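Q: Quick one: structure below, then a few questions.
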Amino acid sequence: MTGDAERLVEYMQKTLPLRDLRLGHEYRYAHLGLALVDAVFSVGIKYTTTSNVVGRYARYQRLTPFRANEAKWPPIEEQEPLDALVTLGEHLGSQRLADEVFENHNRTSSSGGILKAEAVIQAAKVFTAYGVHYFQDLPAVAADSALETAYRSIPGQGSGVSWAYFWMLAGDETLIKPDRHVMAYLERALGTSVDPAHALHLIREVSAFLQPHYPTVTPRRLDYAIWVYQHVQSR
């Protein structure tokens with residue numbers, strides 16, 4: 001292991017519940033649209049705000065938000081197709097979607113950003129254009145760089161944070177969401193700043209080292225444990 005990884009392992013052993021890493025209920029969404037709304041809205045705002053937005057969309061569409069089995073996607077016939085989110089956005093428009101459904105007017109940037117409601121609709125259109133309608137469609141496009149490029153061309157999505165987080169919510173155990181909580185944790189553990197690419201590399205390296213000793217460890221679960229730890233520390 002690298003020196004940074006060794007220091008991070010030592011810090012994680014002091015601060016995280018490595019023997020029993022669990023995920024939040026948002027990792028059990030029953031519909032792909034809920035994961036997409038969460039991923040887009042969660043960047044740069046408090047997560048309680050994001051949860052409220054997701055809950056409003058679920059109620060508006062009369063959806064049961066969460067599935068019982070974290071490790072298994074619901075059958076297709078039990079899912080709302082992502083096309084429904086596209087149709088709703090086209091019917092209402094982004095302003096009414098923000099007003100009447102999400103009840104949230106956050107923008108992707110404080111300077112010239114678009115409504116996150118609009119970004120969600122654009123993201124849903126990108127995925128459906130590539131044949132993604134249900135969770136089960138994701139494996140076929142997981143390595144499609146053109147899809148990622150199209151998604152990240154949406155205003156406010158260029159950093160790739162919401163892209164990675166969407167895949168995490170959909171079940172990818174190998175990714176992290178390098179938001180301010182995760183980056184602050186790493187900087188405190190290492191005593192220096194890190195960039196998102198190095199953060200991902202480090203957490204993957206540490207995960208591979210820890211997993212034989214702590215079976216529940218994955219990059220995704222470490223990311224969530226870090227987020228919870230930092231959230232508690234910031235209160």
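Naming works like this for the structure tokens: A, B, ... for the chains as they're shown, residue 1 at the start of each chain, ligands 1 onward in shown order.
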Please provide the set of residues having any atom within 8 Å of Val43 (chain A), restricted to only C-alpha atoms, with same-chain residues fewer than 5 positions apart removed, written as a VMD selection string.

A: chain A and resid 161 to 162 179

Q: Among the residues of region 43-178 of chain A, find those DSSP assigns to alpha helix (DSSP H) from the backbone and print them as a ChimeraX atom specification.

A: /A:47-60,82-96,116-129,145-152,161-170

Q: Excluding region 136-149 of chain A and residues on its chain fewer than 2 positions from it, collect all residues at most 8 Å away from it, counting only C-alpha atoms, and give them as a VMD selection string.

A: chain A and resid 73 76 126 to 127 130 to 134 151 to 153 163

Q: Would you list the contacts of Leu169 (chain A) as JSON, numbers by chain, taking every protein, DNA or RNA residue within 9 Å and counting only C-alpha atoms, but skipping same-chain residues closer than 2 positions in sequence?

A: {"A": [26, 27, 28, 29, 35, 36, 38, 39, 164, 165, 166, 167, 171, 172]}

Q: Keeping only N, CA, C and O atoms, take the residues you just selected and write them out as a PDB file, in the first residue's frame.

A:
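See selection_10.pdb below for the written result:
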ATOM      1  N   GLU A  26     -31.835   5.290   0.873  1.00  0.00           N
ATOM      2  CA  GLU A  26     -31.809   5.772  -0.510  1.00  0.00           C
ATOM      3  C   GLU A  26     -31.130   4.783  -1.459  1.00  0.00           C
ATOM      4  O   GLU A  26     -31.297   4.877  -2.680  1.00  0.00           O
ATOM      5  N   TYR A  27     -30.375   3.851  -0.913  1.00  0.00           N
ATOM      6  CA  TYR A  27     -29.743   2.827  -1.748  1.00  0.00           C
ATOM      7  C   TYR A  27     -30.688   1.656  -2.038  1.00  0.00           C
ATOM      8  O   TYR A  27     -30.277   0.657  -2.619  1.00  0.00           O
ATOM      9  N   ARG A  28     -31.952   1.828  -1.638  1.00  0.00           N
ATOM     10  CA  ARG A  28     -32.981   0.819  -1.921  1.00  0.00           C
ATOM     11  C   ARG A  28     -34.139   1.420  -2.723  1.00  0.00           C
ATOM     12  O   ARG A  28     -35.281   0.978  -2.595  1.00  0.00           O
ATOM     13  N   TYR A  29     -33.856   2.415  -3.542  1.00  0.00           N
ATOM     14  CA  TYR A  29     -34.938   2.970  -4.352  1.00  0.00           C
ATOM     15  C   TYR A  29     -35.580   1.888  -5.207  1.00  0.00           C
ATOM     16  O   TYR A  29     -34.893   1.014  -5.742  1.00  0.00           O
ATOM     17  N   ALA A  35     -33.832   7.557  -8.126  1.00  0.00           N
ATOM     18  CA  ALA A  35     -32.374   7.613  -8.029  1.00  0.00           C
ATOM     19  C   ALA A  35     -31.823   8.793  -8.823  1.00  0.00           C
ATOM     20  O   ALA A  35     -30.882   9.473  -8.391  1.00  0.00           O
ATOM     21  N   LEU A  36     -32.412   9.048  -9.974  1.00  0.00           N
ATOM     22  CA  LEU A  36     -31.934  10.144 -10.814  1.00  0.00           C
ATOM     23  C   LEU A  36     -32.247  11.500 -10.182  1.00  0.00           C
ATOM     24  O   LEU A  36     -31.393  12.403 -10.180  1.00  0.00           O
ATOM     25  N   ASP A  38     -32.596  12.099  -6.998  1.00  0.00           N
ATOM     26  CA  ASP A  38     -31.681  12.195  -5.860  1.00  0.00           C
ATOM     27  C   ASP A  38     -30.286  12.611  -6.325  1.00  0.00           C
ATOM     28  O   ASP A  38     -29.670  13.527  -5.772  1.00  0.00           O
ATOM     29  N   ALA A  39     -29.771  11.958  -7.339  1.00  0.00           N
ATOM     30  CA  ALA A  39     -28.407  12.217  -7.798  1.00  0.00           C
ATOM     31  C   ALA A  39     -28.219  13.659  -8.248  1.00  0.00           C
ATOM     32  O   ALA A  39     -27.217  14.298  -7.922  1.00  0.00           O
ATOM     33  N   ALA A 164     -21.521   9.704 -10.880  1.00  0.00           N
ATOM     34  CA  ALA A 164     -21.047   8.608 -10.028  1.00  0.00           C
ATOM     35  C   ALA A 164     -22.088   8.240  -8.981  1.00  0.00           C
ATOM     36  O   ALA A 164     -22.339   7.050  -8.719  1.00  0.00           O
ATOM     37  N   TYR A 165     -22.717   9.251  -8.395  1.00  0.00           N
ATOM     38  CA  TYR A 165     -23.680   8.991  -7.338  1.00  0.00           C
ATOM     39  C   TYR A 165     -24.910   8.262  -7.863  1.00  0.00           C
ATOM     40  O   TYR A 165     -25.458   7.381  -7.190  1.00  0.00           O
ATOM     41  N   PHE A 166     -25.340   8.601  -9.070  1.00  0.00           N
ATOM     42  CA  PHE A 166     -26.466   7.876  -9.667  1.00  0.00           C
ATOM     43  C   PHE A 166     -26.157   6.382  -9.751  1.00  0.00           C
ATOM     44  O   PHE A 166     -26.987   5.535  -9.397  1.00  0.00           O
ATOM     45  N   TRP A 167     -24.967   6.044 -10.221  1.00  0.00           N
ATOM     46  CA  TRP A 167     -24.600   4.632 -10.350  1.00  0.00           C
ATOM     47  C   TRP A 167     -24.472   3.963  -8.990  1.00  0.00           C
ATOM     48  O   TRP A 167     -24.820   2.786  -8.831  1.00  0.00           O
ATOM     49  N   GLY A 171     -26.604   0.709  -7.486  1.00  0.00           N
ATOM     50  CA  GLY A 171     -26.022  -0.543  -7.027  1.00  0.00           C
ATOM     51  C   GLY A 171     -24.542  -0.746  -7.245  1.00  0.00           C
ATOM     52  O   GLY A 171     -23.991  -1.765  -6.827  1.00  0.00           O
ATOM     53  N   ASP A 172     -23.843   0.197  -7.887  1.00  0.00           N
ATOM     54  CA  ASP A 172     -22.417   0.033  -8.156  1.00  0.00           C
ATOM     55  C   ASP A 172     -21.623   0.187  -6.860  1.00  0.00           C
ATOM     56  O   ASP A 172     -21.630   1.244  -6.233  1.00  0.00           O
TER      57      ASP A 172
END

Q: When you look at region 194-211 of chain A with a cut-off of 7 Å (counting only C-alpha atoms), what residues show up, excluding the ones that are within fewer than 3 positions of it in the same chain? I need them as a list in words.

A: Ala5, Val9, Ile176, Pro178, Glu187, Tyr214, Pro215, Thr216, Val217, Thr218 and Pro219 of chain A

Q: Just to be explicit: take each residue in the selection above, keep N, CA, C and O atoms, and write the result as an mmCIF file, in the first residue's frame.

A:
data_model
loop_
_atom_site.group_PDB
_atom_site.id
_atom_site.type_symbol
_atom_site.label_atom_id
_atom_site.label_comp_id
_atom_site.auth_asym_id
_atom_site.auth_seq_id
_atom_site.Cartn_x
_atom_site.Cartn_y
_atom_site.Cartn_z
ATOM 1 N N ALA A 5 -2.508 5.542 1.662
ATOM 2 C CA ALA A 5 -3.468 4.483 1.956
ATOM 3 C C ALA A 5 -3.285 3.948 3.366
ATOM 4 O O ALA A 5 -4.262 3.679 4.076
ATOM 5 N N VAL A 9 -6.176 3.994 6.203
ATOM 6 C CA VAL A 9 -6.626 2.789 6.902
ATOM 7 C C VAL A 9 -6.616 3.015 8.411
ATOM 8 O O VAL A 9 -7.587 2.698 9.109
ATOM 9 N N ILE A 176 -17.399 6.130 -5.555
ATOM 10 C CA ILE A 176 -17.651 7.008 -4.424
ATOM 11 C C ILE A 176 -18.239 8.307 -4.955
ATOM 12 O O ILE A 176 -18.147 8.597 -6.146
ATOM 13 N N PRO A 178 -17.472 11.977 -4.466
ATOM 14 C CA PRO A 178 -16.465 12.850 -3.834
ATOM 15 C C PRO A 178 -17.014 14.235 -3.515
ATOM 16 O O PRO A 178 -16.591 15.245 -4.079
ATOM 17 N N GLU A 187 -8.966 14.766 3.616
ATOM 18 C CA GLU A 187 -7.972 15.796 3.903
ATOM 19 C C GLU A 187 -7.565 15.781 5.367
ATOM 20 O O GLU A 187 -6.385 15.972 5.697
ATOM 21 N N TYR A 214 -12.688 -7.171 6.902
ATOM 22 C CA TYR A 214 -14.025 -6.634 7.181
ATOM 23 C C TYR A 214 -14.887 -6.897 5.946
ATOM 24 O O TYR A 214 -14.889 -6.111 4.985
ATOM 25 N N PRO A 215 -15.626 -7.983 5.916
ATOM 26 C CA PRO A 215 -16.312 -8.432 4.688
ATOM 27 C C PRO A 215 -17.307 -7.453 4.087
ATOM 28 O O PRO A 215 -17.575 -7.519 2.889
ATOM 29 N N THR A 216 -17.870 -6.538 4.889
ATOM 30 C CA THR A 216 -18.857 -5.619 4.322
ATOM 31 C C THR A 216 -18.224 -4.405 3.633
ATOM 32 O O THR A 216 -18.929 -3.586 3.035
ATOM 33 N N VAL A 217 -16.918 -4.286 3.690
ATOM 34 C CA VAL A 217 -16.252 -3.109 3.126
ATOM 35 C C VAL A 217 -16.289 -3.130 1.596
ATOM 36 O O VAL A 217 -15.923 -4.111 0.963
ATOM 37 N N THR A 218 -16.743 -2.035 1.027
ATOM 38 C CA THR A 218 -16.655 -1.742 -0.407
ATOM 39 C C THR A 218 -16.439 -0.234 -0.519
ATOM 40 O O THR A 218 -16.697 0.507 0.440
ATOM 41 N N PRO A 219 -15.982 0.272 -1.656
ATOM 42 C CA PRO A 219 -15.863 1.729 -1.792
ATOM 43 C C PRO A 219 -17.186 2.455 -1.514
ATOM 44 O O PRO A 219 -17.204 3.494 -0.844
#

Q: Rank nothing, just name the residue among A:Val40, A:Leu32, A:Ile226, A:Leu21 nearest to Leu82 (chain A), using only C-alpha atoms.

A: A:Leu32

Q: Excluding same-chain residues fewer than 2 positions from Arg188 (chain A), what lies within 12 Å of it counting only C-alpha atoms, as a PDB file with N, CA, C and O atoms, in the first residue's frame?

A:
ATOM      1  N   ASP A   4      -0.194   7.102   1.755  1.00  0.00           N
ATOM      2  CA  ASP A   4      -1.507   7.722   1.950  1.00  0.00           C
ATOM      3  C   ASP A   4      -2.549   6.683   2.322  1.00  0.00           C
ATOM      4  O   ASP A   4      -3.385   6.907   3.203  1.00  0.00           O
ATOM      5  N   ARG A   7      -2.135   5.586   5.971  1.00  0.00           N
ATOM      6  CA  ARG A   7      -2.655   6.585   6.903  1.00  0.00           C
ATOM      7  C   ARG A   7      -4.184   6.586   6.904  1.00  0.00           C
ATOM      8  O   ARG A   7      -4.814   6.731   7.961  1.00  0.00           O
ATOM      9  N   LEU A   8      -4.759   6.378   5.729  1.00  0.00           N
ATOM     10  CA  LEU A   8      -6.218   6.365   5.640  1.00  0.00           C
ATOM     11  C   LEU A   8      -6.802   5.144   6.339  1.00  0.00           C
ATOM     12  O   LEU A   8      -7.824   5.248   7.031  1.00  0.00           O
ATOM     13  N   TYR A  11      -6.802   5.795  10.039  1.00  0.00           N
ATOM     14  CA  TYR A  11      -7.835   6.763  10.420  1.00  0.00           C
ATOM     15  C   TYR A  11      -9.221   6.137  10.344  1.00  0.00           C
ATOM     16  O   TYR A  11     -10.067   6.368  11.229  1.00  0.00           O
ATOM     17  N   MET A  12      -9.466   5.327   9.331  1.00  0.00           N
ATOM     18  CA  MET A  12     -10.767   4.667   9.211  1.00  0.00           C
ATOM     19  C   MET A  12     -11.010   3.698  10.360  1.00  0.00           C
ATOM     20  O   MET A  12     -12.134   3.585  10.859  1.00  0.00           O
ATOM     21  N   THR A  15     -12.338   5.691  13.200  1.00  0.00           N
ATOM     22  CA  THR A  15     -13.528   6.543  13.059  1.00  0.00           C
ATOM     23  C   THR A  15     -14.748   5.864  12.443  1.00  0.00           C
ATOM     24  O   THR A  15     -15.864   6.381  12.589  1.00  0.00           O
ATOM     25  N   HIS A 181     -18.164  16.368   2.108  1.00  0.00           N
ATOM     26  CA  HIS A 181     -17.961  15.553   3.308  1.00  0.00           C
ATOM     27  C   HIS A 181     -16.826  14.553   3.107  1.00  0.00           C
ATOM     28  O   HIS A 181     -15.946  14.412   3.965  1.00  0.00           O
ATOM     29  N   VAL A 182     -16.847  13.861   1.999  1.00  0.00           N
ATOM     30  CA  VAL A 182     -15.827  12.846   1.732  1.00  0.00           C
ATOM     31  C   VAL A 182     -14.453  13.500   1.572  1.00  0.00           C
ATOM     32  O   VAL A 182     -13.453  13.024   2.128  1.00  0.00           O
ATOM     33  N   MET A 183     -14.397  14.605   0.844  1.00  0.00           N
ATOM     34  CA  MET A 183     -13.115  15.270   0.624  1.00  0.00           C
ATOM     35  C   MET A 183     -12.551  15.834   1.925  1.00  0.00           C
ATOM     36  O   MET A 183     -11.340  15.756   2.177  1.00  0.00           O
ATOM     37  N   ALA A 184     -13.412  16.376   2.779  1.00  0.00           N
ATOM     38  CA  ALA A 184     -12.954  16.910   4.068  1.00  0.00           C
ATOM     39  C   ALA A 184     -12.413  15.786   4.950  1.00  0.00           C
ATOM     40  O   ALA A 184     -11.402  15.963   5.654  1.00  0.00           O
ATOM     41  N   TYR A 185     -13.066  14.637   4.926  1.00  0.00           N
ATOM     42  CA  TYR A 185     -12.604  13.484   5.706  1.00  0.00           C
ATOM     43  C   TYR A 185     -11.215  13.045   5.254  1.00  0.00           C
ATOM     44  O   TYR A 185     -10.310  12.815   6.081  1.00  0.00           O
ATOM     45  N   LEU A 186     -11.032  12.929   3.953  1.00  0.00           N
ATOM     46  CA  LEU A 186      -9.742  12.493   3.427  1.00  0.00           C
ATOM     47  C   LEU A 186      -8.650  13.510   3.745  1.00  0.00           C
ATOM     48  O   LEU A 186      -7.523  13.134   4.104  1.00  0.00           O
ATOM     49  N   LEU A 190      -5.333  12.635   5.957  1.00  0.00           N
ATOM     50  CA  LEU A 190      -4.017  12.663   5.311  1.00  0.00           C
ATOM     51  C   LEU A 190      -3.217  13.925   5.601  1.00  0.00           C
ATOM     52  O   LEU A 190      -2.009  13.966   5.343  1.00  0.00           O
ATOM     53  N   GLY A 191      -3.892  14.951   6.091  1.00  0.00           N
ATOM     54  CA  GLY A 191      -3.193  16.191   6.361  1.00  0.00           C
ATOM     55  C   GLY A 191      -2.849  16.986   5.127  1.00  0.00           C
ATOM     56  O   GLY A 191      -1.985  17.872   5.162  1.00  0.00           O
ATOM     57  N   THR A 192      -3.506  16.688   4.020  1.00  0.00           N
ATOM     58  CA  THR A 192      -3.273  17.399   2.769  1.00  0.00           C
ATOM     59  C   THR A 192      -4.500  17.291   1.883  1.00  0.00           C
ATOM     60  O   THR A 192      -5.342  16.411   2.087  1.00  0.00           O
ATOM     61  N   SER A 193      -4.604  18.174   0.917  1.00  0.00           N
ATOM     62  CA  SER A 193      -5.749  18.138   0.013  1.00  0.00           C
ATOM     63  C   SER A 193      -5.584  17.042  -1.031  1.00  0.00           C
ATOM     64  O   SER A 193      -4.456  16.664  -1.369  1.00  0.00           O
ATOM     65  N   VAL A 194      -6.703  16.531  -1.519  1.00  0.00           N
ATOM     66  CA  VAL A 194      -6.690  15.514  -2.574  1.00  0.00           C
ATOM     67  C   VAL A 194      -7.710  15.916  -3.629  1.00  0.00           C
ATOM     68  O   VAL A 194      -8.661  16.642  -3.344  1.00  0.00           O
ATOM     69  N   ILE A 226     -18.331   7.348   5.673  1.00  0.00           N
ATOM     70  CA  ILE A 226     -17.625   8.626   5.794  1.00  0.00           C
ATOM     71  C   ILE A 226     -18.635   9.768   5.841  1.00  0.00           C
ATOM     72  O   ILE A 226     -18.524  10.687   6.659  1.00  0.00           O
ATOM     73  N   GLN A 230     -18.978  12.366   8.945  1.00  0.00           N
ATOM     74  CA  GLN A 230     -18.774  13.802   8.780  1.00  0.00           C
ATOM     75  C   GLN A 230     -20.030  14.602   9.099  1.00  0.00           C
ATOM     76  O   GLN A 230     -19.963  15.697   9.648  1.00  0.00           O
TER      77      GLN A 230
END

Q: Between A:Phe102, A:Tyr224, A:Tyr60, A:Phe66, which is the closest to Leu23 (chain A) once you count only C-alpha atoms?

A: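 Of A:Phe102, A:Tyr224, A:Tyr60, A:Phe66, the one nearest Leu23 (chain A), counting only C-alpha atoms, is A:Tyr224.
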
Q: Go through region 150-202 of chain A residue by residue and, counting only C-alpha atoms, keep those with an atom at most 8 Å from region 104-118 of chain A; for each kept residue give the shortest atom pair and its distance in Å to one decimal, ordered by chain and increasing number, as JSON lines.

A:
{"residue": "A:Pro155", "atom": "CA", "partner": "A:Gly113", "partner_atom": "CA", "distance": 6.7}
{"residue": "A:Gly156", "atom": "CA", "partner": "A:Thr108", "partner_atom": "CA", "distance": 4.8}
{"residue": "A:Gln157", "atom": "CA", "partner": "A:Thr108", "partner_atom": "CA", "distance": 7.9}

Q: Using CA of Gln122 (chain A) and CA of Gly33 (chain A) as the two end points, give the distance in Å to one decimal.

A: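 Between CA of Gln122 (chain A) and CA of Gly33 (chain A) the gap is 12.2 Å.
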
Q: Extract the full set of strand (DSSP E or B) residues from region 5-191 of chain A according to DSSP on the backbone, and format it as a ChimeraX atom specification.

A: /A:29,66,107,115

Q: Hey, which of A:Ala150, A:Val37, A:Leu18, A:Ala119 ends up closest to Tyr57 (chain A)? Count only C-alpha atoms.

A: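 Distance minimum relative to Tyr57 (chain A) lands on A:Val37.
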
Q: In Å, with one decimal, what is the gap from CA of Ile121 (chain A) to CA of Gly24 (chain A)?

A: 24.9 Å

Q: Looking at A:Ala30, A:Arg22, A:Ala129, A:Thr49, which one is nearest to Ala68 (chain A), with distances taken over only C-alpha atoms?

A: A:Ala30

Q: Grab the CA of Pro65 (chain A) to CA of His31 (chain A) distance for me, in Å with one decimal place.

A: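 For CA of Pro65 (chain A) relative to CA of His31 (chain A), the distance reads 7.1 Å.
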